[in-house]
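Just upload25.cif here, mmCIF, C-alpha atoms:
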```
data_coords
loop_
_atom_site.group_PDB
_atom_site.id
_atom_site.type_symbol
_atom_site.label_atom_id
_atom_site.label_comp_id
_atom_site.auth_asym_id
_atom_site.auth_seq_id
_atom_site.Cartn_x
_atom_site.Cartn_y
_atom_site.Cartn_z
ATOM 1 C CA MET A 1 -33.890 36.698 -33.373
ATOM 2 C CA THR A 2 -32.899 36.157 -29.742
ATOM 3 C CA THR A 3 -32.188 39.209 -27.604
ATOM 4 C CA THR A 4 -29.011 39.714 -25.610
ATOM 5 C CA ALA A 5 -30.998 39.287 -22.382
ATOM 6 C CA GLY A 6 -32.396 36.019 -23.714
ATOM 7 C CA LYS A 7 -28.920 34.777 -24.611
ATOM 8 C CA ASP A 8 -27.622 35.694 -21.148
ATOM 9 C CA ARG A 9 -30.547 33.883 -19.551
ATOM 10 C CA MET A 10 -29.870 30.778 -21.655
ATOM 11 C CA LYS A 11 -26.197 30.862 -20.657
ATOM 12 C CA ARG A 12 -27.138 31.077 -16.984
ATOM 13 C CA ILE A 13 -29.539 28.159 -17.351
ATOM 14 C CA ALA A 14 -26.899 26.095 -19.147
ATOM 15 C CA LEU A 15 -24.352 26.920 -16.444
ATOM 16 C CA ALA A 16 -26.820 25.989 -13.699
ATOM 17 C CA ILE A 17 -27.523 22.658 -15.402
ATOM 18 C CA ALA A 18 -23.797 21.980 -15.775
ATOM 19 C CA ILE A 19 -23.141 22.796 -12.117
ATOM 20 C CA ALA A 20 -26.068 20.653 -10.997
ATOM 21 C CA GLY A 21 -24.738 17.774 -13.086
ATOM 22 C CA CYS A 22 -21.302 18.078 -11.511
ATOM 23 C CA ALA A 23 -22.765 18.269 -8.028
ATOM 24 C CA GLY A 24 -24.900 15.209 -8.663
ATOM 25 C CA GLY A 25 -21.823 13.291 -9.745
ATOM 26 C CA ALA A 26 -20.002 14.364 -6.601
ATOM 27 C CA PHE A 27 -22.811 13.079 -4.394
ATOM 28 C CA ALA A 28 -22.902 9.778 -6.252
ATOM 29 C CA GLN A 29 -19.207 9.083 -5.689
ATOM 30 C CA ASN A 30 -18.088 6.602 -3.086
ATOM 31 C CA LYS A 31 -16.361 7.829 0.021
ATOM 32 C CA PRO A 32 -12.610 7.950 -0.417
ATOM 33 C CA ASP A 33 -10.581 5.212 1.211
ATOM 34 C CA VAL A 34 -9.226 6.685 4.404
ATOM 35 C CA PRO A 35 -6.629 4.557 6.142
ATOM 36 C CA GLN A 36 -7.513 3.556 9.661
ATOM 37 C CA PRO A 37 -5.020 3.791 12.495
ATOM 38 C CA ASN A 38 -2.800 0.735 12.756
ATOM 39 C CA CYS A 39 -1.528 1.103 16.300
ATOM 40 C CA GLY A 40 -2.278 -2.348 17.607
ATOM 41 C CA ALA A 41 -4.622 -3.206 20.419
ATOM 42 C CA LYS A 42 -5.735 -0.412 22.721
ATOM 43 C CA PRO A 43 -3.976 -0.650 26.051
ATOM 44 C CA GLU A 44 -6.201 -1.627 28.938
ATOM 45 C CA TYR A 45 -5.595 -0.895 32.567
ATOM 46 C CA PRO A 46 -4.410 -4.198 34.036
ATOM 47 C CA GLY A 47 -5.802 -3.602 37.500
ATOM 48 C CA ARG A 48 -4.586 -2.154 40.744
ATOM 49 C CA LEU A 49 -2.876 -5.299 41.953
ATOM 50 C CA VAL A 50 -0.837 -5.768 38.769
ATOM 51 C CA MET A 51 0.214 -2.135 38.918
ATOM 52 C CA THR A 52 1.886 -2.689 42.292
ATOM 53 C CA SER A 53 4.812 -4.346 40.484
ATOM 54 C CA ASP A 54 7.291 -1.729 39.222
ATOM 55 C CA MET A 55 8.243 -3.853 36.200
ATOM 56 C CA ARG A 56 4.624 -4.416 35.157
ATOM 57 C CA ARG A 57 3.777 -0.751 35.678
ATOM 58 C CA ARG A 58 6.733 0.330 33.502
ATOM 59 C CA ASN A 59 5.697 -2.167 30.796
ATOM 60 C CA PHE A 60 2.149 -0.821 30.902
ATOM 61 C CA ASP A 61 3.396 2.783 30.758
ATOM 62 C CA ARG A 62 5.583 1.944 27.727
ATOM 63 C CA GLU A 63 2.628 0.241 26.036
ATOM 64 C CA VAL A 64 0.395 3.278 26.619
ATOM 65 C CA THR A 65 3.114 5.684 25.433
ATOM 66 C CA LYS A 66 3.771 3.658 22.278
ATOM 67 C CA TRP A 67 0.057 3.456 21.441
ATOM 68 C CA ALA A 68 -0.509 7.173 22.189
ATOM 69 C CA GLU A 69 2.418 8.242 19.975
ATOM 70 C CA CYS A 70 1.114 6.076 17.140
ATOM 71 C CA MET A 71 -2.366 7.618 17.438
ATOM 72 C CA LYS A 72 -0.920 11.155 17.543
ATOM 73 C CA THR A 73 1.089 10.418 14.391
ATOM 74 C CA TYR A 74 -2.049 9.074 12.687
ATOM 75 C CA VAL A 75 -4.037 12.192 13.628
ATOM 76 C CA ASN A 76 -1.264 14.509 12.409
ATOM 77 C CA ASP A 77 -1.052 12.592 9.110
ATOM 78 C CA ARG A 78 -4.829 12.841 8.617
ATOM 79 C CA LYS A 79 -4.718 16.565 9.437
ATOM 80 C CA ALA A 80 -1.934 17.141 6.887
ATOM 81 C CA ALA A 81 -3.876 15.203 4.230
ATOM 82 C CA SER A 82 -7.006 17.210 5.013
ATOM 83 C CA GLU A 83 -5.137 20.503 4.697
ATOM 84 C CA ALA A 84 -3.598 19.391 1.393
ATOM 85 C CA ASN A 85 -7.041 18.427 0.072
ATOM 86 C CA MET A 86 -8.481 21.773 1.157
ATOM 87 C CA ALA A 87 -5.633 23.655 -0.543
ATOM 88 C CA ALA A 88 -6.153 21.671 -3.762
ATOM 89 C CA GLY A 89 -9.886 22.373 -3.657
ATOM 90 C CA ASN A 90 -9.308 26.080 -3.105
ATOM 91 C CA ALA A 91 -6.817 26.173 -5.979
ATOM 92 C CA ALA A 92 -9.397 24.532 -8.245
ATOM 93 C CA ILE A 93 -12.005 27.089 -7.183
ATOM 94 C CA ASP A 94 -9.586 29.936 -7.936
ATOM 95 C CA GLU A 95 -8.767 28.444 -11.336
ATOM 96 C CA TYR A 96 -12.469 28.068 -12.138
ATOM 97 C CA ASN A 97 -13.298 31.622 -11.031
ATOM 98 C CA ASN A 98 -10.376 33.144 -12.947
ATOM 99 C CA THR A 99 -11.222 31.186 -16.101
ATOM 100 C CA ILE A 100 -14.903 32.167 -16.006
ATOM 101 C CA LYS A 101 -13.957 35.784 -15.296
ATOM 102 C CA LYS A 102 -11.579 35.816 -18.285
ATOM 103 C CA ILE A 103 -14.194 34.233 -20.550
ATOM 104 C CA LYS A 104 -16.755 36.858 -19.537
ATOM 105 C CA GLN A 105 -14.231 39.654 -20.048
ATOM 106 C CA ASP A 106 -13.247 38.302 -23.483
ATOM 107 C CA GLU A 107 -16.923 38.078 -24.388
ATOM 108 C CA GLU A 108 -17.524 41.680 -23.299
ATOM 109 C CA ASP A 109 -14.437 42.843 -25.220
ATOM 110 C CA ALA A 110 -15.682 41.058 -28.361
ATOM 111 C CA LYS A 111 -19.096 42.728 -28.008
ATOM 112 C CA GLU A 112 -17.504 46.153 -27.701
ATOM 113 C CA ARG A 113 -15.314 45.589 -30.771
ATOM 114 C CA SER A 114 -18.276 44.482 -32.853
ATOM 115 C CA GLN A 115 -20.256 47.635 -32.104
#
```

Could you quickly redo this structure as structure tokens?
Amino acid sequence: MTTTAGKDRMKRIALAIAIAGCAGGAFAQNKPDVPQPNCGAKPEYPGRLVMTSDMRRRNFDREVTKWAECMKTYVNDRKAASEANMAAGNAAIDEYNNTIKKIKQDEEDAKERSQ
């Protein structure tokens, strides 16, 4: 007959194996597809002589502003997605912890009732 300590040890070993299996699967997964910024060509400084023309300088400034705004929007979108992913991960951790805690409590309650 197996002792209670032996059963607890077997449960811990089984849990460790299950966690290791899940972690191994996570490492084997491909990286998620992350969209790249689509802001067009990076603006390049046209040179000092070109910048002497007010019209060309304004066009260059508009080009830089448009590109910079696009990149800022991209970064903010990526940040929002990252925060949403972190919140979902934390919610999953909480669900896991609460479920395991309830299972352990139910198991303890069943042991006490059987005594």

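Here atom CA of Val34 of chain A and atom CA of Ala88 of chain A stand 17.3 Å from one another.
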
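Residues selected in this file by the PyMOL selection byres ((chain A and resi 45) around 12) comprise Lys42, Pro43, Glu44, Pro46, Gly47, Arg48, Leu49, Val50, Met51, Arg56, Arg57, Asn59, Phe60, Asp61, Glu63 and Val64 of chain A.
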
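Close contacts of segment 66-75 of chain A, defined as residues with an atom at most 9 Å away when counting all atoms listed in the file, with chain neighbours fewer than 5 positions off set aside, comprise Gln36, Pro37, Asn38, Cys39, Gly40, Ala41, Lys42, Pro43, Asp61 and Ala80 of chain A.
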
Once 5 Å is added on each side, what are the centre and the three edge lengths, in Å to one decimal, of the axis-aligned box enclosing the listed atoms of segment 42-48 of chain A? Present them as AutoDock Vina command-line options.
```
--center_x -5.1 --center_y -2.3 --center_z 31.7 --size_x 12.2 --size_y 13.8 --size_z 28.0
```

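Atom to atom, atom CA of Asp33 of chain A and atom CA of Asn97 of chain A stand 29.2 Å apart.
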
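The interatomic distance for the pair atom CA of Glu95 of chain A and atom CA of Asn76 of chain A works out to 28.5 Å.
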
Provide segment 64-87 of chain A of the preceding structure as a file containing N, CA and C atoms, as a PDB file, in the first residue's frame.
```pdb
ATOM      1  N   VAL A  64       9.218  63.843 -43.496  1.00  0.00           N
ATOM      2  CA  VAL A  64       9.733  63.368 -42.204  1.00  0.00           C
ATOM      3  C   VAL A  64       8.595  63.266 -41.191  1.00  0.00           C
ATOM      4  N   THR A  65       7.735  64.269 -41.143  1.00  0.00           N
ATOM      5  CA  THR A  65       6.611  64.266 -40.194  1.00  0.00           C
ATOM      6  C   THR A  65       5.670  63.097 -40.470  1.00  0.00           C
ATOM      7  N   LYS A  66       5.353  62.870 -41.737  1.00  0.00           N
ATOM      8  CA  LYS A  66       4.459  61.766 -42.095  1.00  0.00           C
ATOM      9  C   LYS A  66       5.065  60.422 -41.688  1.00  0.00           C
ATOM     10  N   TRP A  67       6.340  60.227 -41.990  1.00  0.00           N
ATOM     11  CA  TRP A  67       7.019  58.977 -41.647  1.00  0.00           C
ATOM     12  C   TRP A  67       7.084  58.799 -40.128  1.00  0.00           C
ATOM     13  N   ALA A  68       7.431  59.873 -39.400  1.00  0.00           N
ATOM     14  CA  ALA A  68       7.554  59.804 -37.942  1.00  0.00           C
ATOM     15  C   ALA A  68       6.210  59.469 -37.297  1.00  0.00           C
ATOM     16  N   GLU A  69       5.130  60.075 -37.765  1.00  0.00           N
ATOM     17  CA  GLU A  69       3.800  59.787 -37.218  1.00  0.00           C
ATOM     18  C   GLU A  69       3.418  58.331 -37.463  1.00  0.00           C
ATOM     19  N   CYS A  70       3.729  57.836 -38.643  1.00  0.00           N
ATOM     20  CA  CYS A  70       3.441  56.433 -38.964  1.00  0.00           C
ATOM     21  C   CYS A  70       4.207  55.506 -38.018  1.00  0.00           C
ATOM     22  N   MET A  71       5.481  55.790 -37.793  1.00  0.00           N
ATOM     23  CA  MET A  71       6.295  54.950 -36.906  1.00  0.00           C
ATOM     24  C   MET A  71       5.784  55.024 -35.463  1.00  0.00           C
ATOM     25  N   LYS A  72       5.378  56.213 -35.016  1.00  0.00           N
ATOM     26  CA  LYS A  72       4.841  56.352 -33.660  1.00  0.00           C
ATOM     27  C   LYS A  72       3.551  55.547 -33.506  1.00  0.00           C
ATOM     28  N   THR A  73       2.705  55.580 -34.535  1.00  0.00           N
ATOM     29  CA  THR A  73       1.469  54.796 -34.509  1.00  0.00           C
ATOM     30  C   THR A  73       1.784  53.308 -34.437  1.00  0.00           C
ATOM     31  N   TYR A  74       2.754  52.863 -35.237  1.00  0.00           N
ATOM     32  CA  TYR A  74       3.172  51.457 -35.222  1.00  0.00           C
ATOM     33  C   TYR A  74       3.646  51.057 -33.817  1.00  0.00           C
ATOM     34  N   VAL A  75       4.499  51.873 -33.221  1.00  0.00           N
ATOM     35  CA  VAL A  75       5.031  51.560 -31.891  1.00  0.00           C
ATOM     36  C   VAL A  75       3.900  51.507 -30.863  1.00  0.00           C
ATOM     37  N   ASN A  76       2.983  52.457 -30.919  1.00  0.00           N
ATOM     38  CA  ASN A  76       1.855  52.448 -29.976  1.00  0.00           C
ATOM     39  C   ASN A  76       0.968  51.218 -30.169  1.00  0.00           C
ATOM     40  N   ASP A  77       0.760  50.811 -31.418  1.00  0.00           N
ATOM     41  CA  ASP A  77      -0.027  49.598 -31.690  1.00  0.00           C
ATOM     42  C   ASP A  77       0.669  48.366 -31.133  1.00  0.00           C
ATOM     43  N   ARG A  78       1.985  48.266 -31.316  1.00  0.00           N
ATOM     44  CA  ARG A  78       2.738  47.119 -30.808  1.00  0.00           C
ATOM     45  C   ARG A  78       2.700  47.107 -29.281  1.00  0.00           C
ATOM     46  N   LYS A  79       2.806  48.291 -28.664  1.00  0.00           N
ATOM     47  CA  LYS A  79       2.762  48.385 -27.210  1.00  0.00           C
ATOM     48  C   LYS A  79       1.397  47.925 -26.692  1.00  0.00           C
ATOM     49  N   ALA A  80       0.327  48.349 -27.344  1.00  0.00           N
ATOM     50  CA  ALA A  80      -1.020  47.942 -26.928  1.00  0.00           C
ATOM     51  C   ALA A  80      -1.189  46.428 -27.065  1.00  0.00           C
ATOM     52  N   ALA A  81      -0.686  45.863 -28.164  1.00  0.00           N
ATOM     53  CA  ALA A  81      -0.780  44.408 -28.358  1.00  0.00           C
ATOM     54  C   ALA A  81       0.020  43.674 -27.288  1.00  0.00           C
ATOM     55  N   SER A  82       1.184  44.198 -26.958  1.00  0.00           N
ATOM     56  CA  SER A  82       2.023  43.585 -25.928  1.00  0.00           C
ATOM     57  C   SER A  82       1.327  43.605 -24.571  1.00  0.00           C
ATOM     58  N   GLU A  83       0.714  44.739 -24.237  1.00  0.00           N
ATOM     59  CA  GLU A  83       0.007  44.845 -22.965  1.00  0.00           C
ATOM     60  C   GLU A  83      -1.197  43.903 -22.920  1.00  0.00           C
ATOM     61  N   ALA A  84      -1.894  43.768 -24.044  1.00  0.00           N
ATOM     62  CA  ALA A  84      -3.035  42.848 -24.097  1.00  0.00           C
ATOM     63  C   ALA A  84      -2.566  41.410 -23.927  1.00  0.00           C
ATOM     64  N   ASN A  85      -1.449  41.055 -24.558  1.00  0.00           N
ATOM     65  CA  ASN A  85      -0.900  39.705 -24.412  1.00  0.00           C
ATOM     66  C   ASN A  85      -0.474  39.441 -22.975  1.00  0.00           C
ATOM     67  N   MET A  86       0.139  40.428 -22.342  1.00  0.00           N
ATOM     68  CA  MET A  86       0.574  40.266 -20.954  1.00  0.00           C
ATOM     69  C   MET A  86      -0.637  40.088 -20.041  1.00  0.00           C
ATOM     70  N   ALA A  87      -1.684  40.866 -20.268  1.00  0.00           N
ATOM     71  CA  ALA A  87      -2.897  40.740 -19.449  1.00  0.00           C
ATOM     72  C   ALA A  87      -3.529  39.361 -19.628  1.00  0.00           C
TER      73      ALA A  87
END
```
